[in-house]
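Okay, protein.cif is below, mmCIF, C-alpha atoms and all ligand atoms:
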```
data_protein
loop_
_atom_site.label_atom_id
_atom_site.label_comp_id
_atom_site.auth_asym_id
_atom_site.auth_seq_id
_atom_site.Cartn_x
_atom_site.Cartn_y
_atom_site.Cartn_z
CA LEU P 1 54.80 3.47 -60.91
CA GLY P 2 53.67 5.35 -57.84
CA GLN P 3 57.22 5.12 -56.53
CA ILE P 4 58.85 6.94 -59.44
CA LYS P 5 60.12 10.21 -58.04
CA THR P 6 62.43 12.78 -59.55
CA ALA P 7 63.30 14.24 -56.14
CA ASP P 8 62.52 13.59 -52.46
CA ASP P 9 60.10 16.52 -52.29
CA GLN P 10 58.18 15.29 -55.34
CA PRO P 11 54.98 13.26 -54.70
CA GLY P 12 55.73 10.73 -57.44
CA LEU P 13 53.40 9.64 -60.21
CA ALA P 14 49.69 9.53 -59.28
CA THR P 15 46.44 9.11 -61.17
CA TYR P 16 43.80 11.83 -60.87
CA ASP P 17 40.44 10.10 -61.20
CA PRO P 18 37.50 11.99 -59.62
CA GLY P 19 34.62 9.63 -58.90
CA PHE P 20 36.89 6.56 -59.44
CA LEU P 21 35.70 6.24 -63.03
CA ASN P 22 38.77 4.25 -63.96
CA THR P 23 40.24 3.16 -60.65
CA ALA P 24 39.55 -0.19 -58.98
CA SER P 25 39.52 0.32 -55.21
CA THR P 26 39.45 -3.38 -54.43
CA ARG P 27 39.43 -6.94 -55.72
CA SER P 28 36.06 -8.55 -55.04
CA ALA P 29 34.41 -11.94 -55.56
CA VAL P 30 30.89 -10.82 -54.61
CA THR P 31 29.19 -9.36 -57.69
CA PHE P 32 29.97 -9.38 -61.41
CA ILE P 33 28.56 -6.81 -63.84
CA ASP P 34 29.03 -6.64 -67.61
CA GLY P 35 27.36 -3.38 -68.57
CA GLU P 36 27.73 -3.87 -72.33
CA LYS P 37 26.03 -7.26 -72.26
CA GLY P 38 23.51 -6.44 -69.52
CA ILE P 39 24.79 -9.13 -67.12
CA LEU P 40 24.49 -9.05 -63.32
CA GLU P 41 25.60 -12.03 -61.22
CA TYR P 42 25.85 -12.52 -57.46
CA ARG P 43 28.68 -14.93 -56.63
CA GLY P 44 28.45 -16.15 -60.25
CA TYR P 45 24.68 -16.79 -60.29
CA PRO P 46 22.63 -14.77 -62.84
CA ILE P 47 20.21 -12.29 -61.29
CA GLU P 48 17.36 -13.62 -63.47
CA GLN P 49 17.64 -17.12 -61.95
CA LEU P 50 17.93 -15.81 -58.40
CA ALA P 51 14.90 -13.52 -58.82
CA GLU P 52 12.88 -16.38 -60.30
CA ASP P 53 13.69 -19.25 -57.95
CA SER P 54 15.39 -17.99 -54.81
CA THR P 55 14.35 -15.98 -51.76
CA PHE P 56 15.88 -12.81 -50.39
CA LEU P 57 17.26 -14.62 -47.34
CA GLU P 58 18.79 -17.34 -49.53
CA VAL P 59 20.42 -14.63 -51.66
CA ALA P 60 21.63 -12.93 -48.46
CA TYR P 61 23.23 -16.23 -47.39
CA LEU P 62 24.82 -16.59 -50.83
CA LEU P 63 26.27 -13.06 -50.74
CA ILE P 64 27.62 -13.42 -47.20
CA HIS P 65 28.92 -17.00 -47.38
CA GLY P 66 29.91 -17.14 -51.05
CA GLU P 67 27.90 -20.28 -51.79
CA LEU P 68 24.32 -21.49 -51.75
CA PRO P 69 23.14 -23.05 -48.47
CA THR P 70 22.25 -26.68 -47.91
CA GLN P 71 18.74 -27.24 -46.58
CA GLU P 72 20.07 -27.43 -43.01
CA GLN P 73 22.17 -24.28 -43.41
CA TYR P 74 19.23 -22.41 -44.93
CA GLU P 75 16.84 -23.39 -42.14
CA GLN P 76 19.39 -22.43 -39.51
CA TRP P 77 20.04 -19.07 -41.26
CA VAL P 78 16.31 -18.22 -41.53
CA HIS P 79 15.84 -19.26 -37.89
CA GLU P 80 18.71 -17.03 -36.74
CA ILE P 81 17.53 -14.01 -38.74
CA THR P 82 13.93 -14.48 -37.60
CA TYR P 83 14.89 -14.56 -33.92
CA HIS P 84 16.99 -11.42 -34.08
CA THR P 85 14.29 -9.17 -35.54
CA PHE P 86 13.49 -7.52 -32.19
CA VAL P 87 15.47 -4.47 -31.11
CA HIS P 88 16.28 -3.36 -27.56
CA GLU P 89 13.40 -1.39 -26.00
CA ASN P 90 15.69 1.62 -25.60
CA VAL P 91 15.99 1.79 -29.39
CA LYS P 92 12.26 2.45 -29.42
CA ASP P 93 12.68 5.35 -26.98
CA PHE P 94 15.56 6.60 -29.04
CA MET P 95 13.41 6.60 -32.19
CA HIS P 96 10.55 8.34 -30.36
CA GLY P 97 12.91 11.28 -29.87
CA PHE P 98 12.98 12.26 -33.54
CA ARG P 99 10.89 15.17 -34.78
CA TYR P 100 7.40 14.21 -35.99
CA ASP P 101 8.41 14.96 -39.61
CA ALA P 102 11.86 13.31 -39.50
CA HIS P 103 12.83 11.70 -42.80
CA PRO P 104 12.78 7.89 -42.40
CA MET P 105 16.24 7.61 -44.02
CA GLY P 106 17.67 9.98 -41.40
CA MET P 107 16.07 7.85 -38.69
CA LEU P 108 17.37 4.64 -40.25
CA MET P 109 20.91 6.00 -40.57
CA ALA P 110 20.96 7.18 -36.96
CA SER P 111 19.34 4.08 -35.47
CA VAL P 112 21.51 1.55 -37.31
CA GLY P 113 24.58 3.53 -36.21
CA ALA P 114 23.22 3.56 -32.64
CA LEU P 115 23.13 -0.26 -32.63
CA SER P 116 26.92 -0.18 -32.21
CA THR P 117 26.34 1.19 -28.70
CA PHE P 118 23.97 -1.69 -27.91
CA TYR P 119 26.49 -4.27 -29.14
CA PRO P 120 29.91 -2.91 -28.13
CA GLU P 121 31.49 -6.34 -28.78
CA SER P 122 30.86 -5.62 -32.48
CA ARG P 123 34.14 -3.69 -32.46
CA ASN P 124 35.97 -7.01 -32.27
CA ILE P 125 35.91 -7.50 -36.01
CA SER P 126 38.76 -10.02 -36.16
CA ASP P 127 36.63 -12.74 -34.54
CA GLN P 128 34.62 -14.70 -37.13
CA ASP P 129 31.80 -15.77 -34.76
CA ASN P 130 31.44 -12.21 -33.58
CA ARG P 131 31.25 -10.94 -37.17
CA HIS P 132 28.62 -13.55 -37.95
CA ILE P 133 26.29 -12.53 -35.14
CA GLN P 134 26.52 -8.83 -36.05
CA ILE P 135 25.72 -9.66 -39.70
CA VAL P 136 22.68 -11.71 -38.63
CA ARG P 137 21.53 -8.95 -36.30
CA MET P 138 21.78 -6.27 -38.93
CA ILE P 139 19.94 -8.18 -41.68
CA ALA P 140 17.27 -9.07 -39.09
CA LYS P 141 16.82 -5.63 -37.56
CA MET P 142 16.92 -3.36 -40.62
CA PRO P 143 13.24 -4.04 -41.50
CA THR P 144 12.25 -3.34 -37.88
CA LEU P 145 14.10 -0.01 -37.88
CA GLY P 146 12.78 0.85 -41.36
CA ALA P 147 9.17 0.01 -40.45
CA TRP P 148 9.36 1.97 -37.20
CA SER P 149 10.73 5.02 -38.97
CA PHE P 150 7.67 4.82 -41.26
CA ARG P 151 5.23 4.43 -38.33
CA HIS P 152 6.91 7.34 -36.55
CA ALA P 153 6.29 9.65 -39.52
CA GLN P 154 2.63 8.62 -39.44
CA GLY P 155 2.29 9.10 -35.68
CA LYS P 156 1.27 5.46 -35.29
CA PRO P 157 2.41 3.02 -32.58
CA TYR P 158 5.33 0.78 -33.49
CA VAL P 159 4.44 -2.82 -34.32
CA TYR P 160 6.68 -5.57 -32.91
CA PRO P 161 8.01 -8.26 -35.24
CA ASP P 162 5.84 -11.31 -35.86
CA ASN P 163 8.19 -14.26 -36.04
CA ASP P 164 5.56 -16.58 -37.53
CA LEU P 165 5.79 -14.63 -40.77
CA SER P 166 8.42 -14.69 -43.48
CA TYR P 167 11.00 -11.89 -43.72
CA THR P 168 8.99 -9.70 -46.12
CA GLU P 169 5.59 -10.62 -44.63
CA ASN P 170 6.86 -9.59 -41.22
CA PHE P 171 8.13 -6.30 -42.68
CA LEU P 172 4.70 -5.61 -44.21
CA SER P 173 3.08 -6.47 -40.87
CA MET P 174 5.31 -4.02 -38.96
CA LEU P 175 4.46 -1.35 -41.54
CA PHE P 176 0.75 -1.76 -42.05
CA LYS P 177 -0.79 -3.73 -39.17
CA MET P 178 -3.62 -1.64 -37.71
CA SER P 179 -5.14 -3.76 -34.92
CA GLU P 180 -4.46 -6.74 -32.66
CA VAL P 181 -5.64 -9.02 -35.46
CA LYS P 182 -2.77 -10.93 -37.06
CA TYR P 183 -1.65 -9.24 -40.27
CA ASP P 184 -2.18 -11.42 -43.31
CA PRO P 185 -0.39 -9.98 -46.36
CA ASP P 186 -1.23 -11.10 -49.88
CA PRO P 187 1.55 -13.58 -50.79
CA ARG P 188 1.88 -12.00 -54.26
CA LEU P 189 2.71 -8.63 -52.70
CA ALA P 190 5.17 -10.21 -50.26
CA LYS P 191 6.77 -12.06 -53.18
CA ALA P 192 7.09 -8.84 -55.22
CA LEU P 193 8.84 -7.12 -52.33
CA ASP P 194 11.10 -10.15 -51.83
CA VAL P 195 12.10 -9.98 -55.52
CA LEU P 196 12.74 -6.23 -55.27
CA PHE P 197 15.02 -6.87 -52.27
CA ILE P 198 16.88 -9.54 -54.30
CA LEU P 199 17.37 -7.14 -57.22
CA HIS P 200 18.81 -4.47 -54.92
CA ALA P 201 20.93 -6.82 -52.77
CA ASP P 202 24.28 -5.85 -54.30
CA HIS P 203 25.72 -3.86 -57.19
CA GLU P 204 29.50 -4.08 -56.71
CA GLN P 205 31.33 -0.82 -55.95
CA ASN P 206 28.40 1.65 -56.08
CA ALA P 207 28.61 4.84 -53.99
CA SER P 208 27.06 3.44 -50.80
CA THR P 209 29.11 0.23 -50.90
CA ASN P 210 32.20 2.33 -51.43
CA ALA P 211 31.17 4.35 -48.35
CA VAL P 212 30.75 1.14 -46.30
CA ARG P 213 34.17 -0.08 -47.42
CA SER P 214 35.84 3.27 -46.89
CA VAL P 215 34.56 3.62 -43.31
CA GLY P 216 35.04 -0.12 -42.68
CA SER P 217 38.69 0.16 -43.69
CA THR P 218 39.32 2.02 -40.42
CA GLN P 219 38.31 -1.26 -38.67
CA VAL P 220 35.33 0.36 -36.98
CA ASP P 221 32.31 -1.85 -36.11
CA PRO P 222 29.93 -2.89 -38.95
CA TYR P 223 26.98 -0.81 -37.65
CA SER P 224 28.98 2.39 -38.09
CA SER P 225 30.07 1.26 -41.57
CA VAL P 226 26.52 0.44 -42.67
CA ALA P 227 25.26 3.77 -41.25
CA ALA P 228 27.72 5.43 -43.67
CA GLY P 229 26.25 3.35 -46.49
CA VAL P 230 22.71 4.47 -45.57
CA GLY P 231 23.96 8.08 -45.60
CA ALA P 232 25.40 7.68 -49.10
CA LEU P 233 22.20 6.07 -50.34
CA PHE P 234 20.17 8.98 -48.93
CA GLY P 235 21.69 11.26 -51.63
CA PRO P 236 19.40 11.98 -54.61
CA LEU P 237 22.04 10.92 -57.13
CA HIS P 238 22.05 7.41 -55.69
CA GLY P 239 18.72 6.35 -54.20
CA GLY P 240 16.22 8.93 -55.42
CA ALA P 241 15.54 8.25 -59.11
CA ASN P 242 12.40 6.10 -58.74
CA GLU P 243 10.62 8.95 -56.97
CA ALA P 244 11.63 11.24 -59.87
CA VAL P 245 10.04 8.75 -62.31
CA LEU P 246 6.71 8.99 -60.48
CA ARG P 247 6.86 12.80 -60.53
CA MET P 248 7.63 12.70 -64.26
CA LEU P 249 4.73 10.32 -65.04
CA ARG P 250 2.34 12.54 -63.06
CA ARG P 251 3.58 15.60 -64.91
CA ILE P 252 3.02 13.94 -68.30
CA GLY P 253 -0.49 13.17 -67.08
CA SER P 254 -1.89 11.14 -69.97
CA VAL P 255 -0.77 8.91 -72.83
CA ASP P 256 -1.62 11.50 -75.50
CA LYS P 257 0.89 13.98 -73.95
CA ILE P 258 3.82 11.56 -74.40
CA PRO P 259 4.94 12.72 -77.90
CA GLU P 260 5.16 16.31 -76.64
CA PHE P 261 7.20 15.15 -73.64
CA ILE P 262 9.55 13.10 -75.84
CA GLU P 263 10.15 16.18 -78.01
CA GLY P 264 11.11 18.06 -74.83
CA VAL P 265 13.62 15.32 -74.00
CA LYS P 266 15.15 15.46 -77.46
CA ASN P 267 15.44 19.26 -77.25
CA GLY P 268 17.33 18.85 -73.98
CA ASP P 269 14.56 20.49 -71.88
CA GLU P 270 13.76 17.25 -70.07
CA ARG P 271 15.40 14.00 -69.02
CA LEU P 272 13.53 10.73 -69.32
CA MET P 273 13.85 9.60 -65.71
CA GLY P 274 14.33 5.86 -65.18
CA PHE P 275 16.20 5.60 -68.48
CA GLY P 276 19.94 5.27 -68.99
CA HIS P 277 22.67 3.91 -66.73
CA ARG P 278 26.35 4.62 -66.22
CA VAL P 279 27.24 0.93 -66.45
CA TYR P 280 24.44 -0.78 -68.40
CA LYS P 281 24.63 0.28 -72.04
CA ASN P 282 22.55 -2.56 -73.49
CA TYR P 283 19.80 -3.03 -70.92
CA ASP P 284 19.53 -3.15 -67.14
CA PRO P 285 18.75 -6.82 -66.42
CA ARG P 286 16.86 -5.80 -63.27
CA ALA P 287 14.41 -3.63 -65.24
CA LYS P 288 12.87 -6.58 -67.12
CA ILE P 289 12.28 -8.49 -63.89
CA ILE P 290 10.79 -5.46 -62.16
CA LYS P 291 8.41 -4.83 -65.04
CA GLN P 292 7.01 -8.35 -64.62
CA GLN P 293 6.67 -7.84 -60.88
CA ALA P 294 4.81 -4.56 -61.50
CA MET P 295 2.26 -6.48 -63.59
CA ASN P 296 1.86 -9.06 -60.79
CA VAL P 297 1.36 -6.35 -58.17
CA PHE P 298 -1.21 -4.47 -60.24
CA GLU P 299 -3.20 -7.69 -60.61
CA VAL P 300 -3.69 -7.54 -56.84
CA THR P 301 -3.96 -3.79 -56.23
CA GLY P 302 -5.76 -2.76 -59.43
CA THR P 303 -4.01 -0.79 -62.12
CA ASN P 304 -2.67 2.73 -61.84
CA PRO P 305 -3.16 5.12 -64.81
CA LEU P 306 0.54 5.99 -64.46
CA LEU P 307 1.38 2.41 -65.52
CA ASP P 308 -0.24 2.97 -68.93
CA ILE P 309 1.86 6.09 -69.38
CA ALA P 310 5.03 4.20 -68.36
CA LEU P 311 4.32 1.30 -70.76
CA GLU P 312 3.64 3.62 -73.69
CA LEU P 313 6.64 5.80 -72.87
CA GLU P 314 8.89 2.74 -72.86
CA LYS P 315 7.44 1.49 -76.15
CA ILE P 316 7.96 4.82 -77.91
CA ALA P 317 11.44 5.40 -76.47
CA LEU P 318 12.70 1.93 -77.41
CA GLU P 319 11.83 2.60 -81.05
CA ASP P 320 13.06 6.18 -81.17
CA GLU P 321 16.43 6.88 -82.77
CA TYR P 322 17.43 9.42 -80.08
CA PHE P 323 17.30 6.77 -77.34
CA VAL P 324 18.56 3.86 -79.48
CA LYS P 325 21.62 5.82 -80.62
CA ARG P 326 22.52 6.81 -77.06
CA LYS P 327 21.89 3.28 -75.72
CA LEU P 328 19.22 4.49 -73.30
CA TYR P 329 17.05 1.70 -71.89
CA PRO P 330 14.80 1.47 -68.81
CA ASN P 331 16.82 1.06 -65.61
CA VAL P 332 15.90 -0.53 -62.27
CA ASP P 333 14.05 2.61 -61.20
CA PHE P 334 11.64 2.89 -64.12
CA TYR P 335 9.01 0.55 -62.63
CA SER P 336 10.09 0.18 -58.98
CA GLY P 337 8.44 3.45 -57.85
CA LEU P 338 5.14 2.33 -59.36
CA ILE P 339 5.33 -0.93 -57.41
CA TYR P 340 6.18 0.86 -54.16
CA GLU P 341 3.31 3.28 -54.66
CA ALA P 342 0.92 0.39 -55.36
CA LEU P 343 2.12 -1.19 -52.09
CA GLN P 344 1.14 2.13 -50.41
CA PHE P 345 4.61 3.35 -49.55
CA PRO P 346 5.04 7.13 -49.50
CA PRO P 347 8.01 8.35 -51.61
CA GLU P 348 10.23 8.99 -48.52
CA MET P 349 10.14 5.22 -47.88
CA PHE P 350 11.44 4.21 -51.32
CA THR P 351 15.08 4.63 -50.34
CA VAL P 352 14.52 2.84 -47.03
CA LEU P 353 13.36 -0.19 -49.05
CA PHE P 354 16.51 0.08 -51.15
CA ALA P 355 18.62 0.17 -47.96
CA ILE P 356 16.98 -2.95 -46.51
CA GLY P 357 17.58 -4.83 -49.78
CA ARG P 358 21.18 -3.60 -50.04
CA THR P 359 22.13 -4.57 -46.45
CA PRO P 360 23.40 -8.13 -47.24
CA GLY P 361 25.50 -6.69 -50.09
CA TRP P 362 27.02 -4.03 -47.83
CA LEU P 363 27.80 -6.69 -45.22
CA ALA P 364 29.23 -9.18 -47.73
CA GLN P 365 31.53 -6.44 -49.02
CA TRP P 366 32.40 -5.31 -45.49
CA GLN P 367 33.29 -8.88 -44.52
CA GLU P 368 35.38 -9.32 -47.67
CA LEU P 369 37.21 -6.10 -46.80
CA VAL P 370 38.00 -6.92 -43.17
CA THR P 371 39.21 -10.44 -43.99
CA ASP P 372 41.38 -9.33 -46.93
CA LYS P 373 45.00 -8.99 -45.89
CA GLU P 374 45.75 -6.77 -48.90
CA GLN P 375 43.30 -4.06 -47.83
CA LYS P 376 44.58 -0.89 -46.26
CA ILE P 377 42.86 2.09 -44.71
CA ALA P 378 41.13 3.99 -47.54
CA ARG P 379 43.16 7.11 -47.83
CA PRO P 380 43.24 8.53 -51.38
CA LYS P 381 45.91 10.82 -52.68
CA GLN P 382 45.08 14.37 -53.65
CA ILE P 383 46.46 16.84 -56.14
CA TYR P 384 47.07 19.92 -54.01
CA THR P 385 46.03 23.18 -55.72
CA GLY P 386 46.35 25.67 -52.85
CA ASP P 387 49.04 28.16 -51.78
CA ARG P 388 52.34 27.13 -50.18
CA THR P 389 54.56 28.45 -47.37
CA LEU P 390 52.77 31.75 -46.79
CA GLU P 391 53.96 33.87 -43.90
CA PHE P 392 51.31 34.15 -41.16
CA VAL P 393 50.40 37.74 -40.26
CA HIS P 394 48.88 38.21 -36.81
CA ARG P 395 45.29 39.50 -36.89
CA GLU P 396 46.31 42.73 -35.11
CA LYS P 397 48.43 43.55 -38.13
CA ARG P 398 45.90 42.32 -40.71
CA TRP P 399 42.74 44.09 -39.45
N1 LIG A 401 16.97 11.01 -70.87
C1 LIG A 401 17.39 11.68 -71.98
N2 LIG A 401 18.66 11.71 -72.41
C2 LIG A 401 19.56 11.05 -71.68
C3 LIG A 401 19.21 10.34 -70.52
C4 LIG A 401 17.88 10.33 -70.12
N3 LIG A 401 17.46 9.66 -69.05
N4 LIG A 401 20.31 9.76 -69.99
C5 LIG A 401 21.32 10.11 -70.79
N5 LIG A 401 20.86 10.88 -71.81
C6 LIG A 401 21.64 11.41 -72.94
C7 LIG A 401 22.52 12.58 -72.51
O1 LIG A 401 21.85 13.80 -72.68
C8 LIG A 401 23.69 12.42 -73.44
O2 LIG A 401 23.29 12.88 -74.71
P1 LIG A 401 24.36 13.67 -75.66
O3 LIG A 401 25.38 12.64 -76.01
O4 LIG A 401 23.54 14.15 -76.81
O5 LIG A 401 24.91 14.78 -74.81
C9 LIG A 401 23.85 10.91 -73.56
O6 LIG A 401 22.54 10.37 -73.34
C10 LIG A 401 24.84 10.32 -72.55
O7 LIG A 401 24.42 10.71 -71.25
P2 LIG A 401 25.34 10.82 -69.98
O8 LIG A 401 24.69 11.76 -69.01
O9 LIG A 401 26.75 11.10 -70.39
O10 LIG A 401 25.30 9.34 -69.43
P3 LIG A 401 25.82 8.86 -68.00
O11 LIG A 401 26.23 7.45 -68.16
O12 LIG A 401 26.78 9.81 -67.43
O13 LIG A 401 24.48 8.99 -67.11
C11 LIG A 401 22.57 8.48 -65.86
C12 LIG A 401 23.81 7.93 -66.60
C13 LIG A 401 23.01 9.52 -64.80
C14 LIG A 401 21.87 7.34 -65.14
C15 LIG A 401 21.62 9.15 -66.89
O14 LIG A 401 21.27 8.21 -67.90
C16 LIG A 401 20.38 9.76 -66.25
O15 LIG A 401 20.42 10.89 -65.78
N6 LIG A 401 19.23 8.99 -66.23
C17 LIG A 401 18.03 9.48 -65.62
C18 LIG A 401 18.10 9.36 -64.10
C19 LIG A 401 17.96 7.92 -63.64
O16 LIG A 401 17.09 7.18 -64.07
N7 LIG A 401 18.85 7.52 -62.70
C20 LIG A 401 18.83 6.19 -62.12
C21 LIG A 401 20.01 5.37 -62.54
S1 LIG A 401 19.90 3.73 -61.85
C22 LIG A 401 20.42 3.86 -60.23
O17 LIG A 401 21.12 4.76 -59.85
C23 LIG A 401 19.96 2.82 -59.22
#
```
Once more with this new file: its structure as structure tokens, please.
Amino acid sequence: LGQIKTADDQPGLATYDPGFLNTASTRSAVTFIDGEKGILEYRGYPIEQLAEDSTFLEVAYLLIHGELPTQEQYEQWVHEITYHTFVHENVKDFMHGFRYDAHPMGMLMASVGALSTFYPESRNISDQDNRHIQIVRMIAKMPTLGAWSFRHAQGKPYVYPDNDLSYTENFLSMLFKMSEVKYDPDPRLAKALDVLFILHADHEQNASTNAVRSVGSTQVDPYSSVAAGVGALFGPLHGGANEAVLRMLRRIGSVDKIPEFIEGVKNGDERLMGFGHRVYKNYDPRAKIIKQQAMNVFEVTGTNPLLDIALELEKIALEDEYFVKRKLYPNVDFYSGLIYEALQFPPEMFTVLFAIGRTPGWLAQWQELVTDKEQKIARPKQIYTGDRTLEFVHREKRW
């Protein structure tokens, strides 16, 4: 259809679809979503089963390789990731150079992009072994970069990776270790973070994945592509909603103020943050799992009065005709901010956690892109609305 032209100077037929609401940019075998039925599957496996029985690194293997690992493959994969967690010492100097109040997402975006200069061979994307080692490096080093950006903001010394710990335990150690004594995180907290990483690991062609693919389509190295993904995620329309939920719960203040708040939502004065989703119109399958994890975390950390407000708000909204009619249900962000706060993360770190979880998804999609012979450089059409063939007037005659 795109080739139908009425004359040589005509552009031919094109679709105009801002935001790609109805345009598939790619074929993909990574993640399946059915928004009406509330289904999310990675490589065909339901998210509920993966969150229950798998680990984040196993899910990362699944996303990257397309199938679950054997025991030997899994052990090898965990070993490889574990032994690539350190970054070059110059990266540390590089990170020291940021302002004291630099946003950790800005630091993460810059430092993951900078890794391309430390691994110049990463530009050879046609070599499978080379792609593999860059993928391992990036999954391994993202928590190190994320944790160091957090320590930088706090003016605390950076903590080196502890390779005796699991992926999430090591991340917690790099974030919170305060002395030479080995950091010993509560396994329930490490498990909750692992599950949160699993739930965020991929979500098909969301804005940041589209950014990774778009930049990757130029055949640049994967570090530059993932830096673009981090940049997209930094935007408040993509990664910032869980922080908005916390602000909303604080503003409501107590359970008895909820009816008044709900009235404000119905009048259009407020939005119930953490509710509603562009794709999920039945329920967000990740929200149920996160709610359970929130309960597990609060068992360890002690409850937060904001949790009571969230639980009551959810109960009232799920029975209220306004929300039922509009198919508004809790989304992934409704409880995640509460968990992150209970784990003592400041709000600026919430999106960094999202980025670490999303890294295997970005890389699986990047790999799918660069090995797909049908893919072309991402170069959308436009509908030109400006002037044509004006006569230039020299500034001496215009002024
Ligand atoms: N609170 C109150 N009303 C809402 C909400 C909400 N959270 N979300 C949608 N509505 C209402 C709209 O006012 C509209 O009502 P109307 O038909 O009377 O005009 C109707 O529901 C449809 O809303 P849209 O904005 O058209 O829905 P859309 O699919 O475009 O928006 C979105 C989805 C942006 C997520 C929206 O539900 C929202 O703003 N939610 C709150 C923010 C949030 O939680 N974002 C995180 C999403 S998950 C993620 O990004 C990881």
Residues of chain P that approach ligand LIG 401 (chain A) to 7 Å or less, counting only C-alpha atoms and all ligand atoms: could you list each one with the shortest pair of atoms and its distance in Å to one decimal, rows by chain and increasing residue number, as CSV?
```
residue,atom,partner,partner_atom,distance
P:Leu237,CA,A:LIG401,O17,6.8
P:His238,CA,A:LIG401,O17,5.0
P:Gly239,CA,A:LIG401,C23,6.3
P:Ala241,CA,A:LIG401,C20,4.9
P:Val265,CA,A:LIG401,C1,5.6
P:Gly268,CA,A:LIG401,O1,6.9
P:Glu270,CA,A:LIG401,C1,6.9
P:Arg271,CA,A:LIG401,N1,3.9
P:Leu272,CA,A:LIG401,N1,3.8
P:Met273,CA,A:LIG401,C17,4.2
P:Gly274,CA,A:LIG401,O16,3.3
P:Phe275,CA,A:LIG401,N3,4.3
P:Gly276,CA,A:LIG401,O14,3.4
P:His277,CA,A:LIG401,C14,3.9
P:Arg278,CA,A:LIG401,O11,3.4
P:Val279,CA,A:LIG401,O11,6.8
P:Arg326,CA,A:LIG401,O6,5.1
P:Leu328,CA,A:LIG401,N4,6.3
P:Asn331,CA,A:LIG401,S1,5.5
P:Val332,CA,A:LIG401,S1,5.9
P:Asp333,CA,A:LIG401,S1,6.0
P:Phe334,CA,A:LIG401,O16,6.9
```
Check: Which polymer residues have any atom within 12 Å of an atom of Phe298 (chain P), counting only C-alpha atoms, with same-chain residues fewer than 5 positions away left out, as a list of chain:residue names?
Finding: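 Within the cut-off, the hits are P:Arg188, P:Leu189, P:Ala192, P:Lys291, P:Gln292, P:Gln293, P:Thr303, P:Asn304, P:Pro305, P:Leu306, P:Leu307, P:Asp308, P:Tyr335, P:Leu338, P:Ile339, P:Tyr340, P:Glu341, P:Ala342, P:Leu343.
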Take the residues from that selection and put them in a file with C-alpha atoms, as a compact mmCIF listing (two decimals), in the coordinates of the input.
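So the final result, stored in result03.txt, reads:
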```
# COMPACT_ATOMS: atom_id res chain seq x y z
CA ARG P 188 1.88 -12.00 -54.26
CA LEU P 189 2.71 -8.63 -52.70
CA ALA P 192 7.09 -8.84 -55.22
CA LYS P 291 8.41 -4.83 -65.04
CA GLN P 292 7.01 -8.35 -64.62
CA GLN P 293 6.67 -7.84 -60.88
CA THR P 303 -4.01 -0.79 -62.12
CA ASN P 304 -2.67 2.73 -61.84
CA PRO P 305 -3.16 5.12 -64.81
CA LEU P 306 0.54 5.99 -64.46
CA LEU P 307 1.38 2.41 -65.52
CA ASP P 308 -0.24 2.97 -68.93
CA TYR P 335 9.01 0.55 -62.63
CA LEU P 338 5.14 2.33 -59.36
CA ILE P 339 5.33 -0.93 -57.41
CA TYR P 340 6.18 0.86 -54.16
CA GLU P 341 3.31 3.28 -54.66
CA ALA P 342 0.92 0.39 -55.36
CA LEU P 343 2.12 -1.19 -52.09
```
Checklist line | Point-to-point distance from CA of Thr385 (chain P) to CA of Ser25 (chain P), Å rounded to tenths | finding: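 Atom-to-atom, CA of Thr385 (chain P) to CA of Ser25 (chain P), that is 23.8 Å.
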Using only C-alpha atoms, list the residues that have an atom at most 10 Å from (9.4, -15.4, -41.8), coordinates as in the file, as a compact mmCIF listing (two decimals) with C-alpha atoms, in the frame of the given file.
```
# COMPACT_ATOMS: atom_id res chain seq x y z
CA LEU P 57 17.26 -14.62 -47.34
CA VAL P 78 16.31 -18.22 -41.53
CA HIS P 79 15.84 -19.26 -37.89
CA ILE P 81 17.53 -14.01 -38.74
CA THR P 82 13.93 -14.48 -37.60
CA TYR P 83 14.89 -14.56 -33.92
CA PRO P 161 8.01 -8.26 -35.24
CA ASP P 162 5.84 -11.31 -35.86
CA ASN P 163 8.19 -14.26 -36.04
CA ASP P 164 5.56 -16.58 -37.53
CA LEU P 165 5.79 -14.63 -40.77
CA SER P 166 8.42 -14.69 -43.48
CA TYR P 167 11.00 -11.89 -43.72
CA THR P 168 8.99 -9.70 -46.12
CA GLU P 169 5.59 -10.62 -44.63
CA ASN P 170 6.86 -9.59 -41.22
CA PHE P 171 8.13 -6.30 -42.68
```
Checklist line | Residue nearest Met107 (chain P) among P:Leu40, P:His88, P:Ala147, P:Asp53 (counting all atoms listed in the file) | finding: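 For Met107 (chain P), the nearest of the given residues is P:Ala147.
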Margin query: Env of Met349 (chain P): 9 Å cut, atoms = only C-alpha atoms, seq-sep filter 2 positions within chain, self excluded. Answer as a PyMOL selection string.
Written below: chain P and resi 103-105+146+149-150+340+345-347+351-354
Checklist line | Nearest to Lys288 (chain P) by atom-to-atom distance, counting only C-alpha atoms, from P:Asn90, P:Ser336, P:Gln73, P:Ser225 | finding: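 Between P:Asn90, P:Ser336, P:Gln73, P:Ser225, the residue approaching Lys288 (chain P) most closely is P:Ser336.
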Next item on the list: Can you work out which one of P:Gly38, P:Pro46, P:Gly216, P:Pro185 has the shortest atom-to-atom distance to Ala364 (chain P), counting only C-alpha atoms?
Entry: P:Gly216
Check: Which residues, protein or nucleic acid, reach to within 12 Å of (30.7, -7.8, -39.5) in the file's coordinates when using only C-alpha atoms, and can you give that as a PyMOL selection string?
Finding: chain P and resi 64+116+119+121-139+212-213+216+219-226+359-371
